[in-house]
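entry-v1.pdb (PDB, C-alpha atoms) appears below.
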MODEL        1
ATOM      1  CA  MET A   1     163.121 357.025  36.638
ATOM      2  CA  GLU A   2     164.622 353.827  38.036
ATOM      3  CA  LYS A   3     162.607 351.724  40.456
ATOM      4  CA  SER A   4     164.921 352.379  43.415
ATOM      5  CA  ASN A   5     164.991 356.141  42.719
ATOM      6  CA  LEU A   6     161.199 356.188  42.485
ATOM      7  CA  ARG A   7     160.908 354.438  45.850
ATOM      8  CA  GLU A   8     163.275 356.921  47.476
ATOM      9  CA  HIS A   9     161.384 359.850  45.981
ATOM     10  CA  LEU A  10     158.054 358.463  47.199
ATOM     11  CA  ARG A  11     159.476 357.939  50.681
ATOM     12  CA  GLU A  12     160.530 361.579  50.758
ATOM     13  CA  ILE A  13     157.070 362.918  49.919
ATOM     14  CA  ILE A  14     154.839 360.289  51.579
ATOM     15  CA  THR A  15     154.846 359.482  55.288
ATOM     16  CA  LYS A  16     156.258 356.091  56.246
ATOM     17  CA  GLU A  17     152.858 354.905  57.515
ATOM     18  CA  ARG A  18     151.095 355.902  54.284
ATOM     19  CA  TYR A  19     153.853 354.338  52.161
ATOM     20  CA  VAL A  20     153.435 351.025  54.033
ATOM     21  CA  GLN A  21     149.647 351.193  53.532
ATOM     22  CA  ILE A  22     150.038 351.781  49.798
ATOM     23  CA  GLU A  23     152.577 348.974  49.520
ATOM     24  CA  ASP A  24     150.202 346.648  51.408
ATOM     25  CA  ILE A  25     147.315 347.497  49.064
ATOM     26  CA  ILE A  26     149.491 346.830  46.016
ATOM     27  CA  ASN A  27     150.639 343.487  47.444
ATOM     28  CA  LYS A  28     147.044 342.429  48.218
ATOM     29  CA  TYR A  29     145.925 343.397  44.714
ATOM     30  CA  ALA A  30     148.803 341.437  43.181
ATOM     31  CA  TYR A  31     147.898 338.382  45.281
ATOM     32  CA  LEU A  32     144.214 338.580  44.313
ATOM     33  CA  THR A  33     145.111 338.986  40.642
ATOM     34  CA  GLU A  34     147.403 335.976  40.832
ATOM     35  CA  GLU A  35     144.691 333.938  42.556
ATOM     36  CA  GLU A  36     142.097 334.949  39.954
ATOM     37  CA  CYS A  37     144.437 333.814  37.160
ATOM     38  CA  PHE A  38     144.866 330.474  38.954
ATOM     39  CA  ILE A  39     141.088 330.057  39.337
ATOM     40  CA  GLN A  40     140.449 330.892  35.675
ATOM     41  CA  GLY A  41     143.166 328.436  34.621
ATOM     42  CA  HIS A  42     141.649 325.781  36.868
ATOM     43  CA  LYS A  43     138.168 326.358  35.389
ATOM     44  CA  LYS A  44     139.557 326.065  31.858
ATOM     45  CA  ALA A  45     141.401 322.861  32.732
ATOM     46  CA  ILE A  46     138.199 321.331  34.149
ATOM     47  CA  LYS A  47     136.252 322.371  31.048
ATOM     48  CA  ASP A  48     138.923 320.828  28.788
ATOM     49  CA  LEU A  49     138.922 317.637  30.854
ATOM     50  CA  LYS A  50     135.118 317.373  30.600
ATOM     51  CA  GLN A  51     135.342 317.724  26.825
ATOM     52  CA  ILE A  52     137.983 314.996  26.634
ATOM     53  CA  LEU A  53     135.905 312.666  28.808
ATOM     54  CA  GLU A  54     132.786 313.309  26.709
ATOM     55  CA  LYS A  55     134.735 312.406  23.552
ATOM     56  CA  VAL A  56     136.126 309.240  25.153
ATOM     57  CA  LEU A  57     132.657 308.202  26.336
ATOM     58  CA  LEU A  58     131.222 308.906  22.873
ATOM     59  CA  PHE A  59     133.989 306.826  21.266
ATOM     60  CA  VAL A  60     133.523 303.958  23.732
ATOM     61  CA  SER A  61     129.742 303.924  23.264
ATOM     62  CA  ILE A  62     130.002 303.582  19.457
TER      63      ILE A  62
ENDMDL
END

Just give me the structure as structure tokens.
Amino acid sequence: MEKSNLREHLREIITKERYVQIEDIINKYAYLTEEECFIQGHKKAIKDLKQILEKVLLFVSI
């Protein structure tokens, strides 16, 4: 079933208020998932940067 047909079908069987609530929950979940991916990427970047700095400091101290 196409996305637009699925939406129309859902609107026929679910009240407008409930449909909006479901859509809101999905949007919040998508936002939180996106934010979690950003945080994990940020943590990995910091870890990689620390490793690079440790190697530079080790090289400089030799």

Can you tell me how far atom CA of Ile39 of chain A sits from atom CA of Glu54 of chain A, in Å to one decimal?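 Atom CA of Glu54 of chain A lies 22.6 Å from atom CA of Ile39 of chain A.
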
Test item: axis-aligned box, all listed atoms of segment 42-48 of chain A, 5 Å on each side, centre and edges in Å rounded to one decimal, as AutoDock Vina command-line options:
--center_x 139.0 --center_y 323.6 --center_z 32.8 --size_x 15.4 --size_y 15.5 --size_z 18.1

Closest to Ile22 of chain A among A:Val60, A:Leu53, A:His42, A:Arg7, using all atoms listed in the file?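 Among the listed residues, A:Arg7 lies closest to Ile22 of chain A.
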
Which distance in Å separates atom CA of Arg11 of chain A and atom CA of Glu34 of chain A, to one decimal?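 So the two atoms, atom CA of Arg11 of chain A and atom CA of Glu34 of chain A, lie 26.9 Å apart.
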
Atom CA of Tyr19 of chain A to atom CA of Ser4 of chain A, distance in Å rounded to a single decimal: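 Pair atom CA of Tyr19 of chain A / atom CA of Ser4 of chain A returns 14.2 Å.
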